[in-house]
Amino acid sequence: MPGMRSIELLASTQWDDYELIDSGDGCKLERFGRYKFIRPEHQAIWKPALSHREWENADGVFRVTSEESGGQWQFKRQIEAQWKMHYKTLTFSARTSNSRHLGVFPEQATHWDWIHEQILAANKPIQVLSLFGYTGLASLAAAEAGASVTHVDASKKSIQYAKENQMLSGLGEKSIRWIVDDAIKFVKREARRGVQYEGIILDPPKFGRGPKGEVWEFFKMLPYLLQEVKPVLSSKPVFLVITAYAIRASALALHYTIEEMMSGFRGSLSSGELVITEKSGGRILSMAIYTRWSSS
């Protein structure tokens with residue numbers, strides 16, 4: 001497998017229901033469906049391209065505080081508790097919560113498309129494991145393409161949210177197994193059972209807790225996670241994708257880690273950053289780093 005020669009910047013360009021309107025002064029102005037929100041963005045150290053009046057039209061602002069949750073929403077007008085959004089054939093809910101997140105990471109749409117393509121190109125039934133699956137959009141993309149999906153997340157609330165998204169997308173008949181569990185404990189049990197997967201989706205957090213208080217720290221636990229994931233990887237894998245947010249690392253760290261893991265298989269590896277391009281000034285915001293491996 002050849003060494004890494006370049007960092008790729010992947011941007012999702014086919015959104016209708018989301019856009020990064022502007023950014024600057026440590027914030028970003030975004031549209032999620034019919035609503036506009038201002039959320040913190042520490043990378044946006046430049047000045048906004050749009051006027052103050054444009055920013056004042058936002059429906060809600062997430063204010064960072066010293067509270068345990070990290071902040072709170074302040075709304076300038078009443079918004080729905082949740083509302084529908086669409087990406088291509090997927091339909092799902094967005095909603096505000098106790099955190100700055102709205103139930104969807106728009107920059108990951110490029111992964112959803114890629115996962116869909118990998119499954120179709122395989123031209124055979126495949127089993128997909130989605131760890132740290134959150135609200136299920138990657139899992140839905142895989143199921144829609146015909147894969148049998150096992151979706152694992154430590155949050156019962158996120159699993160319920162994902163199930164609702166499955167119904168909204170009209171994929172209720174598609175094969176998705178929903179599991180509330182700690183990711184590492186689950187894959188260790190799967191390995192003992194002899195279960196294997198042709199596709200693996202990994203979206204580990206920087207920090208988190210399992211359903212029984214298990215602590216997850218990215219740099220400490222990622223090597224251990226990959227060690228435990230490898231036994232459940234099929235001898236003829238189709239794809240693997242990993243995404244990492246808010247960590248002090250470049251895509252090089254993921255690239256060489258996954259290169260080592262997949263060294264016994266023939267395939268191609270690409271790594272880089274998931275980005276979003278502003279509508280206003282055309283500036284690019286990096287949201288996460290990723291590595292993708294494909295047998296095709």
# chains A, B, ... in the order shown; residues from 1 in each chain; ligands from 1
>>> residues_around(residues="stretch 254-259 of chain A", least_positions_apart="6", cutoff="9 Å", atoms="only C-alpha atoms", output="JSON, numbers by chain")
{"A": [1, 3, 4, 223, 226, 240, 242, 243, 244, 269, 270, 271, 272, 289, 290, 291, 292, 293]}
>>> select_by_dssp(residues="stretch 7-250 of chain A", states="helix (DSSP H, G or I)", output="PyMOL selection string")
chain A and resi 52-56+106-122+137-144+156-168+183-193+218-232
>>> write_last_selection(atoms="C-alpha atoms", output="compact mmCIF listing (two decimals), in the first residue's frame")
# COMPACT_ATOMS: atom_id res chain seq x y z
CA HIS A 52 -24.27 42.46 11.62
CA ARG A 53 -27.90 42.77 10.50
CA GLU A 54 -27.67 39.45 8.64
CA TRP A 55 -26.44 37.72 11.79
CA GLU A 56 -29.16 39.36 13.88
CA PRO A 106 -23.81 18.07 7.57
CA GLU A 107 -20.15 17.66 6.58
CA GLN A 108 -20.55 13.88 6.88
CA ALA A 109 -22.90 13.72 3.89
CA THR A 110 -19.88 13.02 1.69
CA HIS A 111 -19.33 9.86 3.77
CA TRP A 112 -22.98 8.83 3.36
CA ASP A 113 -22.59 9.05 -0.43
CA TRP A 114 -19.31 7.14 -0.37
CA ILE A 115 -20.70 4.38 1.88
CA HIS A 116 -23.69 4.03 -0.44
CA GLU A 117 -21.36 3.74 -3.45
CA GLN A 118 -19.11 1.15 -1.79
CA ILE A 119 -22.06 -1.10 -0.96
CA LEU A 120 -23.56 -0.88 -4.43
CA ALA A 121 -20.15 -1.55 -6.03
CA ALA A 122 -19.69 -4.68 -3.89
CA LEU A 137 -27.66 8.80 9.14
CA ALA A 138 -24.62 6.79 8.03
CA SER A 139 -26.46 3.63 9.04
CA LEU A 140 -29.49 4.69 7.00
CA ALA A 141 -27.31 5.36 3.95
CA ALA A 142 -25.83 1.87 4.27
CA ALA A 143 -29.22 0.21 4.76
CA GLU A 144 -30.71 2.09 1.82
CA LYS A 156 -30.42 5.13 24.44
CA LYS A 157 -31.77 8.55 23.50
CA SER A 158 -29.65 8.66 20.33
CA ILE A 159 -30.78 5.16 19.37
CA GLN A 160 -34.43 6.19 19.71
CA TYR A 161 -33.70 9.28 17.62
CA ALA A 162 -32.06 7.07 14.96
CA LYS A 163 -35.06 4.73 14.88
CA GLU A 164 -37.33 7.73 14.27
CA ASN A 165 -35.08 8.81 11.40
CA GLN A 166 -35.37 5.33 9.92
CA MET A 167 -39.15 5.66 9.82
CA LEU A 168 -39.02 9.21 8.46
CA ALA A 183 -18.55 -0.03 21.54
CA ILE A 184 -15.54 -2.02 22.74
CA LYS A 185 -17.58 -4.38 24.90
CA PHE A 186 -19.88 -5.03 21.97
CA VAL A 187 -17.16 -5.85 19.43
CA LYS A 188 -15.43 -8.14 21.93
CA ARG A 189 -18.66 -10.12 22.28
CA GLU A 190 -19.11 -10.21 18.51
CA ALA A 191 -15.57 -11.57 18.12
CA ARG A 192 -16.30 -14.36 20.61
CA ARG A 193 -19.42 -15.21 18.61
CA PHE A 218 -9.74 9.21 21.97
CA PHE A 219 -5.95 8.89 22.01
CA LYS A 220 -5.93 6.41 24.87
CA MET A 221 -8.69 4.17 23.57
CA LEU A 222 -8.48 4.31 19.75
CA PRO A 223 -5.59 1.82 19.39
CA TYR A 224 -7.41 -0.55 21.72
CA LEU A 225 -10.68 -0.12 19.79
CA LEU A 226 -9.01 -0.93 16.47
CA GLN A 227 -7.31 -3.94 18.02
CA GLU A 228 -10.72 -5.24 19.08
CA VAL A 229 -12.42 -4.31 15.79
CA LYS A 230 -9.97 -6.21 13.60
CA PRO A 231 -11.23 -9.70 14.61
CA VAL A 232 -14.76 -8.77 13.48
>>> closest_residue(among="A:Thr65, A:Asn57, A:Thr135, A:Asn123", to="A:Thr91", atoms="only C-alpha atoms")
A:Thr135
>>> select_by_dssp(residues="stretch 30-259 of chain A", states="strand (DSSP E or B)", output="VMD selection string")
chain A and resid 30 to 32 35 to 40 60 to 64 71 to 75 83 to 87 90 to 94 127 to 131 148 to 153 176 to 180 197 199 to 202 207 to 209 215 to 217 233 239 to 244
>>> residues_around(residues="A:Pro125", least_positions_apart="5", cutoff="8 Å", atoms="only C-alpha atoms", output="list of chain:residue names")
A:Gly146, A:Ala147, A:Ser148
>>> atom_distance(atom1="atom CA of A:Tyr35", atom2="atom CA of A:Gly70")
22.1 Å
>>> closest_residue(among="A:Ser268, A:Thr96, A:Ser286, A:Ser280", to="A:Ile79", atoms="only C-alpha atoms")
A:Thr96
